file work_9.csv (CSV, C-alpha atoms and all ligand atoms)
chain,number,residue,atom,x,y,z
A,75,MET,CA,22.9,61.7,69.1
A,76,VAL,CA,25.6,63.2,71.4
A,77,PRO,CA,28.2,60.5,72.1
A,78,ASP,CA,29.2,59.5,75.7
A,79,VAL,CA,32.8,60.3,75.0
A,80,LEU,CA,34.6,62.4,72.3
A,81,ILE,CA,38.3,61.8,72.0
A,82,ILE,CA,40.7,64.3,70.5
A,83,GLY,CA,43.7,62.5,68.9
A,84,GLY,CA,44.5,59.6,66.6
A,85,GLY,CA,47.5,57.9,68.3
A,86,LEU,CA,47.8,55.0,70.7
A,87,MET,CA,46.3,56.7,73.7
A,88,ALA,CA,43.2,57.8,71.7
A,89,LEU,CA,42.7,54.5,70.0
A,90,ALA,CA,43.4,52.2,73.0
A,91,THR,CA,41.1,54.2,75.2
A,92,ALA,CA,38.4,54.4,72.5
A,93,LEU,CA,38.4,50.6,72.3
A,94,GLU,CA,38.2,50.1,76.0
A,95,LEU,CA,35.4,52.6,76.4
A,96,ARG,CA,33.4,51.1,73.5
A,97,LEU,CA,33.9,47.5,74.8
A,98,ARG,CA,32.5,48.6,78.1
A,99,GLY,CA,29.4,49.9,76.4
A,100,ALA,CA,30.0,53.7,75.8
A,101,SER,CA,29.4,55.4,72.5
A,102,VAL,CA,32.6,57.0,71.4
A,103,THR,CA,33.7,59.5,68.7
A,104,VAL,CA,37.3,60.0,67.7
A,105,LEU,CA,38.5,63.2,66.0
A,106,SER,CA,42.0,62.8,64.5
A,107,ARG,CA,43.9,65.2,62.4
A,108,ASP,CA,46.3,62.7,60.9
A,109,ARG,CA,46.9,59.2,62.3
A,110,ARG,CA,50.2,58.9,60.3
A,111,GLU,CA,51.8,61.7,62.3
A,112,ALA,CA,51.2,59.9,65.6
A,113,ALA,CA,54.3,58.8,67.5
A,114,ALA,CA,53.0,55.2,67.2
A,115,TYR,CA,54.1,55.3,63.6
A,116,ALA,CA,57.6,56.3,64.7
A,117,ALA,CA,58.3,54.4,67.9
A,118,ALA,CA,60.6,51.4,68.2
A,119,GLY,CA,58.0,49.5,70.2
A,120,MET,CA,60.2,48.3,73.1
A,121,LEU,CA,58.3,47.3,76.2
A,122,ALA,CA,61.2,48.0,78.4
A,123,PRO,CA,60.5,49.1,82.0
A,124,GLN,CA,63.6,47.3,83.2
A,125,ALA,CA,66.0,48.0,80.4
A,126,GLU,CA,65.0,51.7,80.6
A,127,GLY,CA,66.4,51.7,84.1
A,128,LEU,CA,63.3,53.3,85.7
A,129,GLU,CA,63.8,54.0,89.4
A,130,PRO,CA,61.3,52.3,91.9
A,131,GLY,CA,58.2,54.5,92.2
A,132,PRO,CA,54.8,55.2,90.5
A,133,MET,CA,56.2,55.4,87.0
A,134,LEU,CA,57.9,52.0,87.3
A,135,GLU,CA,54.8,50.5,88.8
A,136,LEU,CA,52.6,51.9,86.0
A,137,CYS,CA,55.0,50.5,83.4
A,138,LEU,CA,55.2,47.1,85.0
A,139,ARG,CA,51.5,46.9,85.3
A,140,SER,CA,51.2,47.7,81.6
A,141,ARG,CA,53.8,45.2,80.6
A,142,ALA,CA,51.9,42.6,82.5
A,143,LEU,CA,48.7,43.5,80.5
A,144,TYR,CA,50.3,43.2,77.1
A,145,PRO,CA,49.9,39.5,76.4
A,146,ASP,CA,46.1,39.6,77.1
A,147,TRP,CA,45.6,43.0,75.5
A,148,THR,CA,47.3,42.0,72.2
A,149,ALA,CA,45.5,38.6,72.3
A,150,LYS,CA,42.2,40.4,72.6
A,151,LEU,CA,43.1,42.6,69.6
A,152,GLU,CA,44.0,39.5,67.6
A,153,SER,CA,40.8,37.7,68.4
A,154,LEU,CA,38.7,40.8,67.6
A,155,THR,CA,40.4,41.3,64.2
A,156,GLY,CA,42.2,38.2,63.1
A,157,LEU,CA,45.3,40.4,62.6
A,158,ASP,CA,48.7,39.8,64.2
A,159,SER,CA,49.5,42.5,66.7
A,160,GLY,CA,53.2,42.1,66.4
A,161,TYR,CA,53.7,41.4,70.1
A,162,TRP,CA,57.0,39.4,70.8
A,163,PRO,CA,58.1,38.6,74.3
A,164,CYS,CA,61.7,38.3,73.2
A,165,GLY,CA,63.4,39.8,76.2
A,166,ILE,CA,65.9,42.7,76.1
A,167,LEU,CA,69.7,42.5,76.5
A,168,ARG,CA,71.4,45.6,77.8
A,169,PRO,CA,75.1,45.4,76.8
A,170,ALA,CA,77.5,47.4,78.9
A,171,PHE,CA,80.8,49.2,78.1
A,172,ALA,CA,83.4,49.8,80.8
A,173,ASP,CA,81.7,53.1,81.8
A,174,THR,CA,78.0,52.0,81.6
A,175,PRO,CA,76.2,52.6,85.0
A,176,PRO,CA,74.3,49.5,86.3
A,177,PRO,CA,70.4,49.7,86.2
A,178,PRO,CA,68.6,50.1,89.6
A,179,GLU,CA,68.2,46.9,91.6
A,180,LEU,CA,64.5,45.9,91.7
A,181,GLN,CA,63.5,43.5,94.4
A,182,GLN,CA,60.3,42.3,92.6
A,183,SER,CA,59.5,38.8,91.5
A,184,ASP,CA,58.3,40.0,88.1
A,185,CYS,CA,61.6,41.7,87.5
A,186,PRO,CA,64.2,39.0,86.9
A,187,VAL,CA,67.6,40.1,85.7
A,188,GLU,CA,70.8,38.3,85.0
A,189,TRP,CA,74.4,39.7,84.4
A,190,LEU,CA,76.0,37.8,81.6
A,191,GLU,CA,79.7,37.8,80.5
A,192,GLY,CA,82.1,35.6,78.7
A,193,GLU,CA,80.7,32.3,77.5
A,194,ALA,CA,77.2,32.9,78.9
A,195,LEU,CA,77.0,36.2,77.0
A,196,GLU,CA,78.3,34.6,73.8
A,197,GLN,CA,75.6,31.9,74.1
A,198,ARG,CA,72.8,34.5,74.6
A,199,GLN,CA,74.2,36.8,71.9
A,200,ALA,CA,77.3,36.2,69.7
A,201,GLY,CA,78.9,38.9,67.7
A,202,LEU,CA,78.7,41.9,70.0
A,203,GLY,CA,81.4,44.7,69.6
A,204,ALA,CA,84.9,44.3,71.2
A,205,GLU,CA,84.3,47.1,73.7
A,206,VAL,CA,81.3,45.2,75.3
A,207,VAL,CA,82.3,43.9,78.8
A,208,GLY,CA,79.1,42.1,79.6
A,209,ALA,CA,75.3,42.6,79.5
A,210,TRP,CA,72.2,42.6,81.7
A,211,TRP,CA,69.5,40.2,80.5
A,212,PHE,CA,65.9,41.2,81.2
A,213,PRO,CA,63.8,38.2,80.1
A,214,ASN,CA,60.4,39.8,80.9
A,215,ASP,CA,60.9,42.9,78.8
A,216,ALA,CA,59.5,42.6,75.3
A,217,GLN,CA,58.6,44.4,72.1
A,218,VAL,CA,55.7,45.0,69.7
A,219,ASP,CA,55.8,45.9,66.0
A,220,ASN,CA,53.9,49.1,66.5
A,221,ARG,CA,54.4,50.6,63.1
A,222,ARG,CA,53.4,47.7,60.9
A,223,GLN,CA,51.1,45.7,63.1
A,224,LEU,CA,49.9,47.0,66.4
A,225,VAL,CA,48.3,50.3,65.0
A,226,SER,CA,46.6,48.4,62.2
A,227,ALA,CA,45.2,45.8,64.6
A,228,LEU,CA,44.0,48.6,66.9
A,229,ALA,CA,42.5,50.6,64.1
A,230,ALA,CA,40.6,47.6,62.8
A,231,ALA,CA,39.4,46.7,66.3
A,232,ILE,CA,37.9,50.1,67.0
A,233,GLU,CA,36.2,50.2,63.7
A,234,GLN,CA,34.8,46.8,64.2
A,235,ALA,CA,33.7,47.6,67.7
A,236,GLY,CA,31.6,50.6,66.4
A,237,VAL,CA,33.7,53.6,67.4
A,238,THR,CA,32.9,56.6,65.1
A,239,TRP,CA,36.3,57.8,63.8
A,240,HIS,CA,36.6,61.0,61.9
A,241,GLU,CA,40.1,61.2,60.2
A,242,GLU,CA,41.5,64.5,58.9
A,243,VAL,CA,39.4,66.4,61.4
A,244,GLU,CA,41.5,68.9,63.5
A,245,VAL,CA,40.2,70.3,66.7
A,246,LEU,CA,41.0,74.1,66.6
A,247,LYS,CA,39.5,75.1,69.9
A,248,ILE,CA,38.1,73.7,73.1
A,249,HIS,CA,35.2,75.9,74.1
A,250,GLN,CA,34.5,76.1,77.8
A,251,CYS,CA,32.0,77.8,80.1
A,252,GLN,CA,31.7,77.6,83.9
A,253,GLY,CA,34.4,75.0,84.4
A,254,GLU,CA,33.1,72.6,81.7
A,255,VAL,CA,33.8,71.9,78.0
A,256,THR,CA,30.7,73.0,76.0
A,257,ALA,CA,32.0,71.9,72.5
A,258,VAL,CA,35.0,71.5,70.3
A,259,GLU,CA,35.4,73.6,67.2
A,260,THR,CA,37.1,71.9,64.2
A,261,ASN,CA,38.4,72.5,60.7
A,262,ASP,CA,35.6,70.3,59.3
A,263,GLN,CA,33.7,73.3,57.8
A,264,ALA,CA,34.0,75.0,61.2
A,265,LYS,CA,31.7,72.2,62.5
A,266,ILE,CA,31.1,72.0,66.3
A,267,TYR,CA,31.2,68.6,68.0
A,268,GLN,CA,29.7,67.9,71.5
A,269,ALA,CA,29.7,65.0,73.9
A,270,LYS,CA,28.9,64.2,77.5
A,271,HIS,CA,32.6,63.7,78.3
A,272,TYR,CA,35.8,64.7,76.4
A,273,LEU,CA,39.3,63.1,76.4
A,274,LEU,CA,42.3,65.0,75.2
A,275,ALA,CA,45.0,62.6,73.8
A,276,ALA,CA,46.7,64.7,71.2
A,277,GLY,CA,50.3,63.6,72.0
A,278,ALA,CA,53.0,66.2,71.5
A,279,TRP,CA,50.4,68.6,70.2
A,280,THR,CA,48.4,68.6,73.5
A,281,GLY,CA,50.0,71.7,75.0
A,282,GLY,CA,49.0,73.7,71.9
A,283,LEU,CA,45.4,73.0,72.6
A,284,PHE,CA,45.1,73.2,76.3
A,285,ASP,CA,47.5,75.2,78.6
A,286,ALA,CA,46.9,73.1,81.7
A,287,ALA,CA,48.5,70.1,80.0
A,288,PRO,CA,51.9,71.5,79.0
A,289,VAL,CA,53.1,68.7,76.7
A,290,THR,CA,55.9,69.5,74.2
A,291,PRO,CA,57.6,67.6,71.4
A,292,ARG,CA,61.0,65.8,71.7
A,293,LYS,CA,62.0,64.6,68.3
A,294,GLY,CA,63.5,61.2,67.6
A,295,GLN,CA,65.0,59.9,64.4
A,296,LEU,CA,65.1,56.2,63.5
A,297,MET,CA,66.0,54.0,60.7
A,298,ALA,CA,65.7,50.4,59.6
A,299,LEU,CA,68.3,48.0,58.1
A,300,ARG,CA,67.9,44.7,56.4
A,301,PRO,CA,70.4,42.0,55.3
A,302,GLY,CA,72.0,42.7,51.9
A,303,VAL,CA,70.6,40.6,49.0
A,304,GLY,CA,72.5,37.3,48.8
A,305,ALA,CA,74.7,38.2,51.8
A,306,GLU,CA,76.0,35.3,54.0
A,307,PRO,CA,74.5,35.3,57.5
A,308,GLU,CA,76.9,37.0,59.9
A,309,VAL,CA,77.9,35.6,63.4
A,310,GLY,CA,75.1,36.3,65.9
A,311,MET,CA,72.6,37.3,63.2
A,312,PRO,CA,69.6,37.3,63.0
A,313,LEU,CA,69.2,38.8,66.5
A,314,GLY,CA,66.9,37.0,68.8
A,315,GLN,CA,66.2,39.8,71.2
A,316,VAL,CA,66.4,43.6,71.5
A,317,LEU,CA,69.8,45.2,72.2
A,318,PHE,CA,69.4,48.3,74.5
A,319,GLY,CA,72.7,50.2,74.4
A,320,ASP,CA,73.8,53.5,76.0
A,321,ARG,CA,72.9,55.8,73.0
A,322,ILE,CA,71.3,53.3,70.7
A,323,TYR,CA,68.7,50.5,70.7
A,324,ILE,CA,68.6,47.8,68.1
A,325,VAL,CA,65.2,46.2,67.7
A,326,PRO,CA,65.0,43.1,65.4
A,327,ARG,CA,61.6,42.3,63.9
A,328,ARG,CA,60.6,38.7,63.3
A,329,ASP,CA,60.9,39.1,59.5
A,330,GLY,CA,64.6,40.2,59.7
A,331,LEU,CA,64.1,43.9,59.6
A,332,ILE,CA,66.3,45.7,62.2
A,333,VAL,CA,65.1,49.0,63.7
A,334,LEU,CA,67.7,51.5,65.1
A,335,GLY,CA,66.7,54.3,67.4
A,336,ALA,CA,66.7,57.0,68.3
A,337,THR,CA,68.0,60.5,68.6
A,338,SER,CA,66.6,62.8,71.2
A,339,GLU,CA,66.3,66.4,70.0
A,340,HIS,CA,64.8,69.7,71.2
A,341,VAL,CA,63.9,71.1,67.8
A,342,ALA,CA,60.1,71.7,68.1
A,343,PHE,CA,58.2,70.1,65.2
A,344,GLN,CA,61.1,70.3,62.7
A,345,PRO,CA,60.5,67.4,60.3
A,346,GLY,CA,63.1,65.2,58.5
A,347,ASN,CA,66.2,63.0,59.0
A,348,THR,CA,69.5,64.8,59.3
A,349,ALA,CA,73.0,63.6,58.3
A,350,ALA,CA,74.0,63.9,62.0
A,351,GLY,CA,71.1,61.9,63.2
A,352,VAL,CA,71.6,59.0,60.8
A,353,HIS,CA,75.4,59.2,61.5
A,354,GLN,CA,74.8,58.8,65.2
A,355,LEU,CA,72.4,55.8,64.8
A,356,LEU,CA,74.8,54.0,62.4
A,357,THR,CA,78.0,54.7,64.4
A,358,GLU,CA,76.5,53.5,67.7
A,359,ALA,CA,74.8,50.5,66.2
A,360,ILE,CA,77.9,49.2,64.5
A,361,ARG,CA,79.9,49.8,67.7
A,362,LEU,CA,77.5,47.5,69.5
A,363,CYS,CA,76.9,45.0,66.7
A,364,PRO,CA,79.6,45.2,64.0
A,365,ALA,CA,77.8,42.7,61.7
A,366,LEU,CA,75.3,45.5,60.9
A,367,ALA,CA,78.0,47.3,58.8
A,368,SER,CA,77.1,45.1,55.9
A,369,TYR,CA,73.4,45.6,56.1
A,370,GLU,CA,71.4,47.7,53.7
A,371,ILE,CA,69.5,50.9,54.7
A,372,ALA,CA,65.8,50.1,54.3
A,373,GLU,CA,64.2,53.2,55.5
A,374,THR,CA,64.6,56.3,57.7
A,375,TRP,CA,61.9,58.2,59.6
A,376,TRP,CA,61.3,60.4,62.6
A,377,GLY,CA,58.6,61.3,65.2
A,378,PHE,CA,57.8,63.4,68.2
A,379,ARG,CA,57.6,62.0,71.7
A,380,PRO,CA,55.1,63.8,73.9
A,381,GLU,CA,57.2,65.2,76.8
A,382,THR,CA,56.4,66.9,80.1
A,383,ALA,CA,58.7,68.8,82.4
A,384,ASP,CA,59.1,65.8,84.7
A,385,GLU,CA,58.9,63.2,81.9
A,386,LEU,CA,55.8,61.6,83.4
A,387,PRO,CA,52.4,61.3,81.7
A,388,ILE,CA,49.4,63.3,82.6
A,389,LEU,CA,46.5,61.0,83.3
A,390,GLY,CA,42.9,61.4,84.5
A,391,PRO,CA,41.0,64.6,85.6
A,392,SER,CA,41.7,68.1,84.3
A,393,PRO,CA,40.6,71.5,85.7
A,394,LEU,CA,37.4,71.1,83.6
A,395,ALA,CA,34.8,68.8,85.1
A,396,ASN,CA,34.0,66.9,81.9
A,397,LEU,CA,37.5,66.8,80.3
A,398,SER,CA,40.0,64.0,81.0
A,399,LEU,CA,43.7,63.9,79.9
A,400,ALA,CA,45.9,61.1,78.6
A,401,SER,CA,49.1,62.6,77.3
A,402,GLY,CA,52.8,63.1,77.9
A,403,HIS,CA,53.8,59.5,77.8
A,404,TYR,CA,57.2,60.6,76.4
A,405,ARG,CA,59.5,57.5,75.7
A,406,ASN,CA,57.1,54.8,77.1
A,407,GLY,CA,53.8,55.4,75.4
A,408,VAL,CA,53.7,52.2,73.4
A,409,LEU,CA,54.3,50.3,76.6
A,410,LEU,CA,51.7,52.3,78.5
A,411,ALA,CA,48.8,52.0,76.0
A,412,PRO,CA,46.9,49.2,77.8
A,413,ILE,CA,47.2,50.5,81.3
A,414,THR,CA,46.3,54.1,80.1
A,415,ALA,CA,43.1,52.7,78.4
A,416,GLN,CA,42.1,50.8,81.5
A,417,ILE,CA,42.8,53.6,84.0
A,418,LEU,CA,41.0,56.2,81.8
A,419,ALA,CA,38.0,54.0,81.2
A,420,ASP,CA,37.6,53.4,85.0
A,421,TRP,CA,37.9,57.1,85.6
A,422,ILE,CA,35.6,58.3,82.8
A,423,LEU,CA,32.8,55.7,83.1
A,424,GLU,CA,32.9,54.9,86.8
A,425,GLY,CA,34.7,57.8,88.4
A,426,LYS,CA,37.0,55.2,89.9
A,427,ALA,CA,40.4,56.7,90.6
A,428,ASP,CA,43.3,54.2,90.3
A,429,PRO,CA,45.7,54.5,93.3
A,430,LEU,CA,48.4,55.6,90.9
A,431,LEU,CA,46.4,58.5,89.5
A,432,PRO,CA,47.5,61.2,92.0
A,433,ALA,CA,51.1,60.8,90.9
A,434,PHE,CA,50.2,61.7,87.3
A,435,GLN,CA,47.7,64.5,87.8
A,436,TRP,CA,47.9,67.7,85.7
A,437,ASP,CA,48.2,70.1,88.7
A,438,ARG,CA,51.7,68.8,89.6
A,439,LEU,CA,52.9,70.7,86.6
B,501,LIG,C1,61.4,58.2,68.2
B,501,LIG,C2,60.5,57.6,69.2
B,501,LIG,C3,60.8,56.3,69.7
B,501,LIG,C4,59.9,55.8,70.7
B,501,LIG,N1,60.1,54.5,71.1
B,501,LIG,C5,59.3,54.0,72.1
B,501,LIG,C6,59.5,52.6,72.5
B,501,LIG,O1,60.4,51.9,72.1
B,501,LIG,N2,58.6,52.2,73.5
B,501,LIG,C7,57.6,52.9,74.0
B,501,LIG,O2,56.9,52.4,74.8
B,501,LIG,N3,57.4,54.2,73.5
B,501,LIG,C8,58.2,54.7,72.6
B,501,LIG,N4,58.0,56.0,72.1
B,501,LIG,C9,56.9,56.8,72.7
B,501,LIG,C10,55.5,56.5,72.1
B,501,LIG,O3,55.5,56.4,70.8
B,501,LIG,C11,54.6,57.7,72.5
B,501,LIG,O4,54.7,58.0,73.9
B,501,LIG,C12,53.1,57.4,72.2
B,501,LIG,O5,53.0,56.8,70.9
B,501,LIG,C13,52.3,58.6,72.3
B,501,LIG,O6,51.0,58.3,71.9
B,501,LIG,P1,49.9,59.5,72.0
B,501,LIG,O7,48.6,58.8,71.5
B,501,LIG,O8,49.9,60.2,73.3
B,501,LIG,O9,50.4,60.5,70.9
B,501,LIG,P2,50.6,60.4,69.3
B,501,LIG,O10,50.8,59.0,69.0
B,501,LIG,O11,51.6,61.3,68.9
B,501,LIG,O12,49.2,60.8,68.7
B,501,LIG,C14,48.7,62.1,68.7
B,501,LIG,C15,47.6,62.2,67.7
B,501,LIG,O13,46.8,63.4,67.9
B,501,LIG,C16,46.5,64.0,66.7
B,501,LIG,N5,46.2,65.4,66.9
B,501,LIG,C17,47.1,66.3,67.4
B,501,LIG,N6,46.5,67.5,67.5
B,501,LIG,C18,45.2,67.3,67.1
B,501,LIG,C19,44.1,68.2,67.0
B,501,LIG,N7,44.2,69.5,67.3
B,501,LIG,N8,42.9,67.7,66.5
B,501,LIG,C20,42.8,66.4,66.2
B,501,LIG,N9,43.9,65.5,66.3
B,501,LIG,C21,45.0,66.0,66.7
B,501,LIG,C22,47.7,63.7,65.8
B,501,LIG,O14,47.3,63.8,64.5
B,501,LIG,C23,48.1,62.3,66.2
B,501,LIG,O15,47.4,61.4,65.5
B,501,LIG,C24,58.7,56.5,71.1
B,501,LIG,C25,58.4,57.7,70.5
B,501,LIG,C26,59.3,58.2,69.5
B,501,LIG,C27,58.9,59.5,68.8

call {"tool": "encode", "arguments": {"input": "work_9.csv", "output": "structure tokens"}}
result
Amino acid sequence: MVPDVLIIGGGLMALATALELRLRGASVTVLSRDRREAAAYAAAGMLAPQAEGLEPGPMLELCLRSRALYPDWTAKLESLTGLDSGYWPCGILRPAFADTPPPPELQQSDCPVEWLEGEALEQRQAGLGAEVVGAWWFPNDAQVDNRRQLVSALAAAIEQAGVTWHEEVEVLKIHQCQGEVTAVETNDQAKIYQAKHYLLAAGAWTGGLFDAAPVTPRKGQLMALRPGVGAEPEVGMPLGQVLFGDRIYIVPRRDGLIVLGATSEHVAFQPGNTAAGVHQLLTEAIRLCPALASYEIAETWWGFRPETADELPILGPSPLANLSLASGHYRNGVLLAPITAQILADWILEGKADPLLPAFQWDRL
């Protein structure tokens, strides 16, 4: 039986959209080369439209809508699977040095922000570095433990929902004829797969498969720290919220692990952690939060953000009638997973174009 939708990719966009389509009744097949190389296994998991300092416009609106979907979306994953999704509405503190520019002022009721300094800042977060002059507090920003929890919950949910998922299957070519996809060719003994509709969601690798979606990799290195065995708790630790600095973010997980991110490098798909990358993360993290100097290094890793020329995602239709696109989410793809799934399912199943879709169409690039 030819499925209603065939999805190319094994990251958050592919899995979140597969689940949404399946829950609305479509039959769905996912072809994924390697789920472990997905950016979801690298990202820090901040849900941070305000701390990111996004200017008012379609991208901020898309991000705010997705942030608002997160509590219900993760609760749905949890009730489908019985697994913890790792969602934590902990708020984000953006500490400022003397030369830190202020974030844009947003006149929206769902975007509260408070400037803290002195005693008020000390109460919110003790132990910040001596150069910190104050901090913006964004109580509605949040985080999710994407690496250890969210992807597992999502993978379990799509299997339970009845999505057909072929792992270690790489799409080599998208065959087209008269403005339509006719089939995709794979490395699975050169097997051909067909569907009524196709969705390309191959993250940073998308541009290599389809020229009209020019998405390229932007590498990021991260690491995790944990308190030393038997160490006395330091002032201000454990952290109760994310710290979003100028060149560093510090993301505490509920079990005490601290994620530090991330470098931003144009080095194509070059793997590995470098001395310079790790040095940058540690120097900036200790400047912001000196207590981290005594922590142990737990792990280092890296990943590839899917980037477009204007740093905005590509969503919805493509030049081919039966191919849709969900890629290029760059630094905000964890945040944007629920809204992407919703908008793409509306588009693919009902031909319903969300009012924001024109801002993210492929032909702007
Ligand atoms: C260092 C770093 C930090 C980040 N921090 C955050 C953050 O704090 N908050 C946030 O919101 N976002 C963050 N992001 C961004 C976010 O992780 C990404 O935007 C998002 O995960 C992209 O999801 P995706 O599904 O488009 O791509 P990916 O997750 O990269 O998935 C692509 C998938 O496609 C598969 N694939 C590729 N080519 C083929 C093929 N030919 N055939 C079959 N399968 C194929 C791959 O194997 C992979 O599984 C971060 C990213 C990085 C790298």

call {"tool": "residues_around", "arguments": {"input": "work_9.csv", "residues": "Cys185 (chain A)", "least_positions_apart": "2", "cutoff": "8 Å", "atoms": "all atoms listed in the file", "output": "list in words"}}
result
Gln124, Leu180, Gln181, Gln182, Ser183, Val187, Phe212 and Asn214 of chain A

call {"tool": "atom_distance", "arguments": {"input": "work_9.csv", "atom1": "CA of Ile417 (chain A)", "atom2": "CA of Ala92 (chain A)"}}
result
12.3 Å

call {"tool": "closest_residue", "arguments": {"input": "work_9.csv", "among": "A:Ala216, A:Ala142, A:Ala114, A:Ala286", "to": "ligand LIG 501 (chain B)", "atoms": "only C-alpha atoms and all ligand atoms"}}
result
A:Ala114

call {"tool": "atom_distance", "arguments": {"input": "work_9.csv", "atom1": "CA of Phe343 (chain A)", "atom2": "CA of Ala278 (chain A)"}}
result
9.1 Å

call {"tool": "residues_near_point", "arguments": {"input": "work_9.csv", "point": "(54.2, 40.2, 75.0)", "cutoff": "10 Å", "atoms": "all atoms listed in the file", "output": "compact mmCIF listing (two decimals) with C-alpha atoms, in the coordinates of the input"}}
result
# COMPACT_ATOMS: atom_id res chain seq x y z
CA LEU A 121 58.30 47.30 76.20
CA ARG A 141 53.80 45.20 80.60
CA ALA A 142 51.90 42.60 82.50
CA LEU A 143 48.70 43.50 80.50
CA TYR A 144 50.30 43.20 77.10
CA PRO A 145 49.90 39.50 76.40
CA ASP A 146 46.10 39.60 77.10
CA TRP A 147 45.60 43.00 75.50
CA THR A 148 47.30 42.00 72.20
CA ALA A 149 45.50 38.60 72.30
CA SER A 159 49.50 42.50 66.70
CA GLY A 160 53.20 42.10 66.40
CA TYR A 161 53.70 41.40 70.10
CA TRP A 162 57.00 39.40 70.80
CA PRO A 163 58.10 38.60 74.30
CA CYS A 164 61.70 38.30 73.20
CA GLY A 165 63.40 39.80 76.20
CA ASN A 214 60.40 39.80 80.90
CA ASP A 215 60.90 42.90 78.80
CA ALA A 216 59.50 42.60 75.30
CA GLN A 217 58.60 44.40 72.10
CA VAL A 218 55.70 45.00 69.70

call {"tool": "closest_residue", "arguments": {"input": "work_9.csv", "among": "A:Gly377, A:Gly208, A:Pro364, A:Pro391", "to": "Glu254 (chain A)", "atoms": "only C-alpha atoms"}}
result
A:Pro391

call {"tool": "residues_around", "arguments": {"input": "work_9.csv", "residues": "Pro291 (chain A)", "least_positions_apart": "6", "cutoff": "12 Å", "atoms": "all atoms listed in the file", "output": "compact mmCIF listing (two decimals) with C-alpha atoms, in the coordinates of the input"}}
result
# COMPACT_ATOMS: atom_id res chain seq x y z
CA ALA A 112 51.20 59.90 65.60
CA ALA A 113 54.30 58.80 67.50
CA ALA A 276 46.70 64.70 71.20
CA GLY A 277 50.30 63.60 72.00
CA ALA A 278 53.00 66.20 71.50
CA TRP A 279 50.40 68.60 70.20
CA THR A 280 48.40 68.60 73.50
CA GLY A 281 50.00 71.70 75.00
CA GLY A 282 49.00 73.70 71.90
CA SER A 338 66.60 62.80 71.20
CA GLU A 339 66.30 66.40 70.00
CA HIS A 340 64.80 69.70 71.20
CA VAL A 341 63.90 71.10 67.80
CA ALA A 342 60.10 71.70 68.10
CA PHE A 343 58.20 70.10 65.20
CA GLN A 344 61.10 70.30 62.70
CA PRO A 345 60.50 67.40 60.30
CA TRP A 376 61.30 60.40 62.60
CA GLY A 377 58.60 61.30 65.20
CA PHE A 378 57.80 63.40 68.20
CA ARG A 379 57.60 62.00 71.70
CA PRO A 380 55.10 63.80 73.90
CA GLU A 381 57.20 65.20 76.80
CA THR A 382 56.40 66.90 80.10
CA ALA A 383 58.70 68.80 82.40
CA GLU A 385 58.90 63.20 81.90
CA SER A 401 49.10 62.60 77.30
CA GLY A 402 52.80 63.10 77.90
CA HIS A 403 53.80 59.50 77.80
CA TYR A 404 57.20 60.60 76.40
CA ARG A 405 59.50 57.50 75.70
